[in-house]
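Source file structure11.txt; content: compact mmCIF, N, CA and C atoms.
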```
# COMPACT_ATOMS: atom_id res chain seq x y z
N ALA M 362 0.84 -1.19 0.00
CA ALA M 362 0.00 0.00 0.00
C ALA M 362 0.88 1.23 0.00
N PHE M 363 0.49 2.19 -0.80
CA PHE M 363 1.23 3.43 -0.93
C PHE M 363 0.64 4.48 -0.01
N LYS M 364 1.48 5.13 0.76
CA LYS M 364 1.03 6.22 1.60
C LYS M 364 2.13 7.25 1.64
N SER M 365 1.76 8.49 1.40
CA SER M 365 2.75 9.56 1.41
C SER M 365 2.19 10.75 2.16
N ASN M 366 3.00 11.34 2.98
CA ASN M 366 2.63 12.56 3.67
C ASN M 366 3.50 13.72 3.21
N ASN M 367 4.11 13.57 2.05
CA ASN M 367 4.94 14.64 1.51
C ASN M 367 4.05 15.75 0.97
N TYR M 368 4.40 16.98 1.31
CA TYR M 368 3.64 18.11 0.82
C TYR M 368 4.52 19.34 0.81
N LEU M 369 4.10 20.34 0.04
CA LEU M 369 4.78 21.62 -0.03
C LEU M 369 3.93 22.63 0.71
N GLU M 370 4.53 23.28 1.69
CA GLU M 370 3.79 24.27 2.45
C GLU M 370 4.53 25.59 2.38
N THR M 371 3.83 26.64 2.00
CA THR M 371 4.44 27.96 1.93
C THR M 371 3.38 29.01 2.20
N ASN M 372 3.75 30.09 2.82
CA ASN M 372 2.84 31.21 3.04
C ASN M 372 2.99 32.26 1.96
N ASP M 373 4.02 32.15 1.13
CA ASP M 373 4.27 33.11 0.07
C ASP M 373 3.59 32.62 -1.21
N LYS M 374 2.41 33.17 -1.54
CA LYS M 374 1.63 32.71 -2.69
C LYS M 374 2.35 32.97 -4.01
N SER M 375 3.32 33.90 -4.03
CA SER M 375 4.05 34.17 -5.27
C SER M 375 4.97 33.01 -5.64
N LYS M 376 5.31 32.13 -4.67
CA LYS M 376 6.17 30.98 -4.94
C LYS M 376 5.39 29.80 -5.49
N LEU M 377 4.07 29.84 -5.40
CA LEU M 377 3.25 28.73 -5.87
C LEU M 377 3.16 28.75 -7.39
N ASN M 378 3.24 27.60 -7.99
CA ASN M 378 3.11 27.46 -9.44
C ASN M 378 1.93 26.54 -9.71
N PRO M 379 0.73 27.10 -9.89
CA PRO M 379 -0.45 26.24 -10.05
C PRO M 379 -0.39 25.42 -11.34
N HIS M 380 -0.80 24.18 -11.23
CA HIS M 380 -0.83 23.28 -12.38
C HIS M 380 -2.28 22.91 -12.68
N GLN M 381 -2.57 22.72 -13.95
CA GLN M 381 -3.93 22.35 -14.33
C GLN M 381 -4.12 20.84 -14.35
N HIS M 382 -3.04 20.10 -14.48
CA HIS M 382 -3.11 18.64 -14.51
C HIS M 382 -2.06 18.07 -13.55
N ILE M 383 -2.37 16.91 -13.02
CA ILE M 383 -1.39 16.19 -12.20
C ILE M 383 -1.38 14.75 -12.71
N ILE M 384 -0.20 14.18 -12.75
CA ILE M 384 -0.05 12.81 -13.24
C ILE M 384 0.60 11.96 -12.16
N PHE M 385 -0.02 10.82 -11.88
CA PHE M 385 0.51 9.85 -10.93
C PHE M 385 0.88 8.59 -11.69
N GLN M 386 1.97 7.96 -11.33
CA GLN M 386 2.29 6.64 -11.84
C GLN M 386 1.90 5.64 -10.76
N ILE M 387 1.02 4.70 -11.12
CA ILE M 387 0.44 3.79 -10.14
C ILE M 387 0.59 2.34 -10.62
N TYR M 388 0.83 1.45 -9.68
CA TYR M 388 0.90 0.02 -9.96
C TYR M 388 -0.05 -0.70 -9.01
N PHE M 389 -1.00 -1.46 -9.57
CA PHE M 389 -1.91 -2.26 -8.75
C PHE M 389 -1.55 -3.73 -8.91
N ASP M 390 -1.43 -4.45 -7.79
CA ASP M 390 -1.07 -5.86 -7.87
C ASP M 390 -2.28 -6.78 -7.74
N SER M 391 -3.47 -6.23 -7.48
CA SER M 391 -4.67 -7.06 -7.43
C SER M 391 -5.90 -6.20 -7.70
N LYS M 392 -7.02 -6.85 -7.96
CA LYS M 392 -8.28 -6.16 -8.22
C LYS M 392 -9.09 -5.97 -6.95
N ASN M 393 -8.49 -6.21 -5.81
CA ASN M 393 -9.20 -6.02 -4.55
C ASN M 393 -9.56 -4.55 -4.39
N TYR M 394 -10.30 -4.27 -3.36
CA TYR M 394 -10.72 -2.91 -3.05
C TYR M 394 -9.53 -1.95 -3.12
N SER M 395 -9.69 -0.88 -3.88
CA SER M 395 -8.62 0.10 -4.04
C SER M 395 -9.15 1.49 -3.76
N ILE M 396 -8.32 2.29 -3.11
CA ILE M 396 -8.66 3.69 -2.86
C ILE M 396 -7.38 4.51 -3.01
N PHE M 397 -7.54 5.67 -3.60
CA PHE M 397 -6.43 6.57 -3.86
C PHE M 397 -6.91 7.96 -3.48
N GLU M 398 -6.27 8.57 -2.48
CA GLU M 398 -6.69 9.88 -1.98
C GLU M 398 -5.53 10.86 -2.02
N PHE M 399 -5.85 12.11 -2.34
CA PHE M 399 -4.86 13.17 -2.24
C PHE M 399 -5.58 14.50 -2.06
N ASN M 400 -4.86 15.48 -1.59
CA ASN M 400 -5.41 16.82 -1.38
C ASN M 400 -4.75 17.80 -2.33
N VAL M 401 -5.54 18.74 -2.80
CA VAL M 401 -5.02 19.82 -3.64
C VAL M 401 -5.41 21.14 -3.02
N CYS M 402 -4.64 22.16 -3.33
CA CYS M 402 -4.90 23.50 -2.81
C CYS M 402 -4.91 24.45 -4.00
N ASP M 403 -5.97 25.24 -4.15
CA ASP M 403 -6.03 26.16 -5.28
C ASP M 403 -5.28 27.45 -4.94
N VAL M 404 -5.23 28.38 -5.91
CA VAL M 404 -4.46 29.62 -5.72
C VAL M 404 -5.06 30.51 -4.64
N ASN M 405 -6.30 30.28 -4.26
CA ASN M 405 -6.95 31.04 -3.19
C ASN M 405 -6.74 30.41 -1.82
N GLY M 406 -6.02 29.30 -1.78
CA GLY M 406 -5.75 28.64 -0.51
C GLY M 406 -6.83 27.66 -0.06
N MET M 407 -7.78 27.36 -0.93
CA MET M 407 -8.86 26.43 -0.60
C MET M 407 -8.39 24.99 -0.81
N ASN M 408 -8.47 24.16 0.23
CA ASN M 408 -8.08 22.76 0.14
C ASN M 408 -9.25 21.91 -0.32
N LYS M 409 -8.93 20.89 -1.12
CA LYS M 409 -9.96 19.97 -1.60
C LYS M 409 -9.37 18.56 -1.59
N ARG M 410 -10.13 17.61 -1.08
CA ARG M 410 -9.72 16.21 -1.06
C ARG M 410 -10.28 15.52 -2.30
N ILE M 411 -9.41 14.81 -3.01
CA ILE M 411 -9.80 14.04 -4.19
C ILE M 411 -9.71 12.56 -3.80
N ILE M 412 -10.82 11.84 -3.98
CA ILE M 412 -10.88 10.43 -3.61
C ILE M 412 -11.28 9.61 -4.83
N LEU M 413 -10.42 8.68 -5.22
CA LEU M 413 -10.74 7.71 -6.27
C LEU M 413 -10.85 6.36 -5.59
N SER M 414 -11.96 5.68 -5.80
CA SER M 414 -12.17 4.43 -5.09
C SER M 414 -12.95 3.43 -5.94
N SER M 415 -12.64 2.16 -5.76
CA SER M 415 -13.37 1.10 -6.46
C SER M 415 -14.75 0.89 -5.85
N SER M 416 -15.04 1.47 -4.69
CA SER M 416 -16.35 1.31 -4.06
C SER M 416 -17.32 2.45 -4.40
N ILE M 417 -16.87 3.44 -5.15
CA ILE M 417 -17.73 4.57 -5.52
C ILE M 417 -18.36 4.29 -6.88
N SER M 418 -19.66 4.57 -7.01
CA SER M 418 -20.37 4.24 -8.25
C SER M 418 -20.63 5.45 -9.15
N GLU M 419 -20.59 6.67 -8.61
CA GLU M 419 -20.83 7.85 -9.44
C GLU M 419 -19.96 9.01 -8.98
N ILE M 420 -19.71 9.96 -9.88
CA ILE M 420 -18.90 11.13 -9.55
C ILE M 420 -19.69 12.08 -8.68
N ILE M 421 -19.08 12.49 -7.58
CA ILE M 421 -19.68 13.48 -6.69
C ILE M 421 -18.64 14.57 -6.49
N ASN M 422 -18.98 15.80 -6.86
CA ASN M 422 -18.04 16.91 -6.78
C ASN M 422 -18.62 18.01 -5.90
N HIS M 423 -18.06 18.16 -4.70
CA HIS M 423 -18.47 19.19 -3.76
C HIS M 423 -17.35 20.21 -3.60
N GLU M 424 -17.63 21.26 -2.88
CA GLU M 424 -16.63 22.31 -2.67
C GLU M 424 -15.39 21.80 -1.94
N MET M 425 -15.58 20.91 -0.97
CA MET M 425 -14.46 20.44 -0.14
C MET M 425 -13.88 19.10 -0.58
N HIS M 426 -14.58 18.35 -1.43
CA HIS M 426 -14.06 17.06 -1.88
C HIS M 426 -14.70 16.63 -3.20
N ALA M 427 -14.02 15.73 -3.87
CA ALA M 427 -14.55 15.09 -5.07
C ALA M 427 -14.35 13.59 -4.90
N ARG M 428 -15.41 12.82 -5.16
CA ARG M 428 -15.33 11.36 -5.11
C ARG M 428 -15.55 10.83 -6.51
N ILE M 429 -14.61 10.01 -6.98
CA ILE M 429 -14.61 9.55 -8.36
C ILE M 429 -14.51 8.03 -8.39
N PRO M 430 -15.37 7.36 -9.19
CA PRO M 430 -15.26 5.90 -9.30
C PRO M 430 -13.95 5.51 -9.98
N PHE M 431 -13.33 4.48 -9.48
CA PHE M 431 -12.06 4.00 -10.02
C PHE M 431 -12.12 2.49 -10.11
N THR M 432 -12.83 2.00 -11.11
CA THR M 432 -13.09 0.57 -11.21
C THR M 432 -12.40 -0.10 -12.38
N SER M 433 -12.05 0.63 -13.41
CA SER M 433 -11.45 0.04 -14.60
C SER M 433 -9.95 0.34 -14.65
N PHE M 434 -9.19 -0.42 -13.90
CA PHE M 434 -7.75 -0.23 -13.92
C PHE M 434 -7.07 -1.57 -14.17
N PRO M 435 -5.96 -1.54 -14.88
CA PRO M 435 -5.28 -2.80 -15.20
C PRO M 435 -4.54 -3.36 -13.98
N ILE M 436 -4.41 -4.67 -13.95
CA ILE M 436 -3.70 -5.35 -12.87
C ILE M 436 -2.28 -5.66 -13.33
N GLU M 437 -1.34 -5.56 -12.39
CA GLU M 437 0.07 -5.89 -12.63
C GLU M 437 0.64 -5.14 -13.83
N LYS M 438 0.31 -3.87 -13.89
CA LYS M 438 0.82 -3.02 -14.96
C LYS M 438 0.89 -1.59 -14.45
N TRP M 439 1.97 -0.89 -14.78
CA TRP M 439 2.10 0.51 -14.41
C TRP M 439 1.19 1.35 -15.30
N ILE M 440 0.50 2.30 -14.70
CA ILE M 440 -0.34 3.22 -15.48
C ILE M 440 0.01 4.65 -15.10
N ASN M 441 -0.23 5.56 -16.03
CA ASN M 441 -0.15 6.99 -15.75
C ASN M 441 -1.57 7.49 -15.58
N LEU M 442 -1.88 7.97 -14.40
CA LEU M 442 -3.21 8.50 -14.10
C LEU M 442 -3.13 10.02 -14.16
N GLU M 443 -3.75 10.61 -15.16
CA GLU M 443 -3.74 12.06 -15.31
C GLU M 443 -5.10 12.61 -14.87
N ILE M 444 -5.05 13.63 -14.01
CA ILE M 444 -6.27 14.22 -13.48
C ILE M 444 -6.28 15.70 -13.83
N ASP M 445 -7.39 16.15 -14.42
CA ASP M 445 -7.58 17.54 -14.76
C ASP M 445 -8.07 18.26 -13.52
N LEU M 446 -7.17 18.95 -12.83
CA LEU M 446 -7.51 19.62 -11.58
C LEU M 446 -8.46 20.78 -11.78
N GLN M 447 -8.35 21.46 -12.90
CA GLN M 447 -9.19 22.62 -13.15
C GLN M 447 -10.67 22.22 -13.19
N SER M 448 -10.99 21.04 -13.70
CA SER M 448 -12.38 20.62 -13.76
C SER M 448 -12.90 20.17 -12.40
N LEU M 449 -12.02 19.83 -11.47
CA LEU M 449 -12.43 19.36 -10.14
C LEU M 449 -12.43 20.47 -9.09
N CYS M 450 -11.64 21.51 -9.30
CA CYS M 450 -11.49 22.55 -8.26
C CYS M 450 -12.21 23.82 -8.56
```
Produce structure tokens that represent the structure in this file.
Amino acid sequence: AFKSNNYLETNDKSKLNPHQHIIFQIYFDSKNYSIFEFNVCDVNGMNKRIILSSSISEIINHEMHARIPFTSFPIEKWINLEIDLQSLC
């Protein structure tokens, strides 16, 4: 299981370089229950939790979080998961 608490924290907004897309490289070794969570912060300082899960059946996009179904992923293969942050935030 992958878990990371790495993050960039700064109070100087001029140092932030907002990105419209983020790409993760992910490897799944089984089709068992899978969940992938991360947080993003927009240029206004608003935090949003993004949750991709095999137990979610429909996209739900709220101000503080987005829940996205993640059921069609290959097993035992590296994938590049690209997420359009502008459409979620």
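For the pair atom C of M:Ile383 and atom C of M:Asn441, the interatomic distance is 7.8 Å.
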Work out how far apart atom CA of M:Asp403 and atom CA of M:His382 are and give it in Å to one decimal. 12.3 Å
Nearest to M:Phe389: which of M:Phe434, M:Ser448, M:Ile421, M:Leu442 is it, counting all atoms listed in the file?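 Between M:Phe434, M:Ser448, M:Ile421, M:Leu442, the residue approaching M:Phe389 most closely is M:Phe434.
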Here is a test: counting all atoms listed in the file, which residue of M:Asp445, M:Val401, M:Ser433, M:Ser391 is nearest to M:Ser415?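 The closest residue to M:Ser415 is M:Ser433.
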With a distance cut-off of 6.5 Å and only N, CA and C atoms, select the neighbouring residues of stretch 430-432 of chain M, excluding the residue or stretch itself and same-chain residues fewer than 2 positions from it, and output the selection as number ranges by chain. M: 412-420, 428, 434
Go ahead and compute the interatomic distance for atom CA of M:Phe385 and atom CA of M:Glu443, in Å to one decimal.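 These two atoms are separated by 6.5 Å.
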Show me, as an MDAnalysis selection string, the residues that have an atom within 6.5 Å of M:Trp439 when counting all atoms listed in the file, minus same-chain residues fewer than 4 positions from it. chainID M and resid 386:389
Counting all atoms listed in the file, the residue of M:Leu446, M:Glu437, M:Glu424, M:Ile384 that sits nearest M:Met407: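 The answer is M:Glu424, which sits nearest to M:Met407.
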Reconstruct stretch 406-418 of chain M at the level of N, CA, C and O atoms, and format the result as a compact mmCIF listing (two decimals), in the frame of the given file.
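Output file part_34.txt is given in full below:
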```
# COMPACT_ATOMS: atom_id res chain seq x y z
N GLY M 406 -6.02 29.30 -1.78
CA GLY M 406 -5.75 28.64 -0.51
C GLY M 406 -6.83 27.66 -0.06
O GLY M 406 -6.79 27.16 1.05
N MET M 407 -7.78 27.36 -0.93
CA MET M 407 -8.86 26.43 -0.60
C MET M 407 -8.39 24.99 -0.81
O MET M 407 -7.92 24.64 -1.88
N ASN M 408 -8.47 24.16 0.23
CA ASN M 408 -8.08 22.76 0.14
C ASN M 408 -9.25 21.91 -0.32
O ASN M 408 -10.40 22.16 0.05
N LYS M 409 -8.93 20.89 -1.12
CA LYS M 409 -9.96 19.97 -1.60
C LYS M 409 -9.37 18.56 -1.59
O LYS M 409 -8.26 18.34 -2.03
N ARG M 410 -10.13 17.61 -1.08
CA ARG M 410 -9.72 16.21 -1.06
C ARG M 410 -10.28 15.52 -2.30
O ARG M 410 -11.47 15.61 -2.60
N ILE M 411 -9.41 14.81 -3.01
CA ILE M 411 -9.80 14.04 -4.19
C ILE M 411 -9.71 12.56 -3.80
O ILE M 411 -8.68 12.10 -3.34
N ILE M 412 -10.82 11.84 -3.98
CA ILE M 412 -10.88 10.43 -3.61
C ILE M 412 -11.28 9.61 -4.83
O ILE M 412 -12.34 9.84 -5.42
N LEU M 413 -10.42 8.68 -5.22
CA LEU M 413 -10.74 7.71 -6.27
C LEU M 413 -10.85 6.36 -5.59
O LEU M 413 -9.93 5.94 -4.89
N SER M 414 -11.96 5.68 -5.80
CA SER M 414 -12.17 4.43 -5.09
C SER M 414 -12.95 3.43 -5.94
O SER M 414 -13.83 3.81 -6.71
N SER M 415 -12.64 2.16 -5.76
CA SER M 415 -13.37 1.10 -6.46
C SER M 415 -14.75 0.89 -5.85
O SER M 415 -15.59 0.22 -6.44
N SER M 416 -15.04 1.47 -4.69
CA SER M 416 -16.35 1.31 -4.06
C SER M 416 -17.32 2.45 -4.40
O SER M 416 -18.47 2.41 -3.99
N ILE M 417 -16.87 3.44 -5.15
CA ILE M 417 -17.73 4.57 -5.52
C ILE M 417 -18.36 4.29 -6.88
O ILE M 417 -17.70 3.82 -7.80
N SER M 418 -19.66 4.57 -7.01
CA SER M 418 -20.37 4.24 -8.25
C SER M 418 -20.63 5.45 -9.15
O SER M 418 -20.88 5.29 -10.33
```
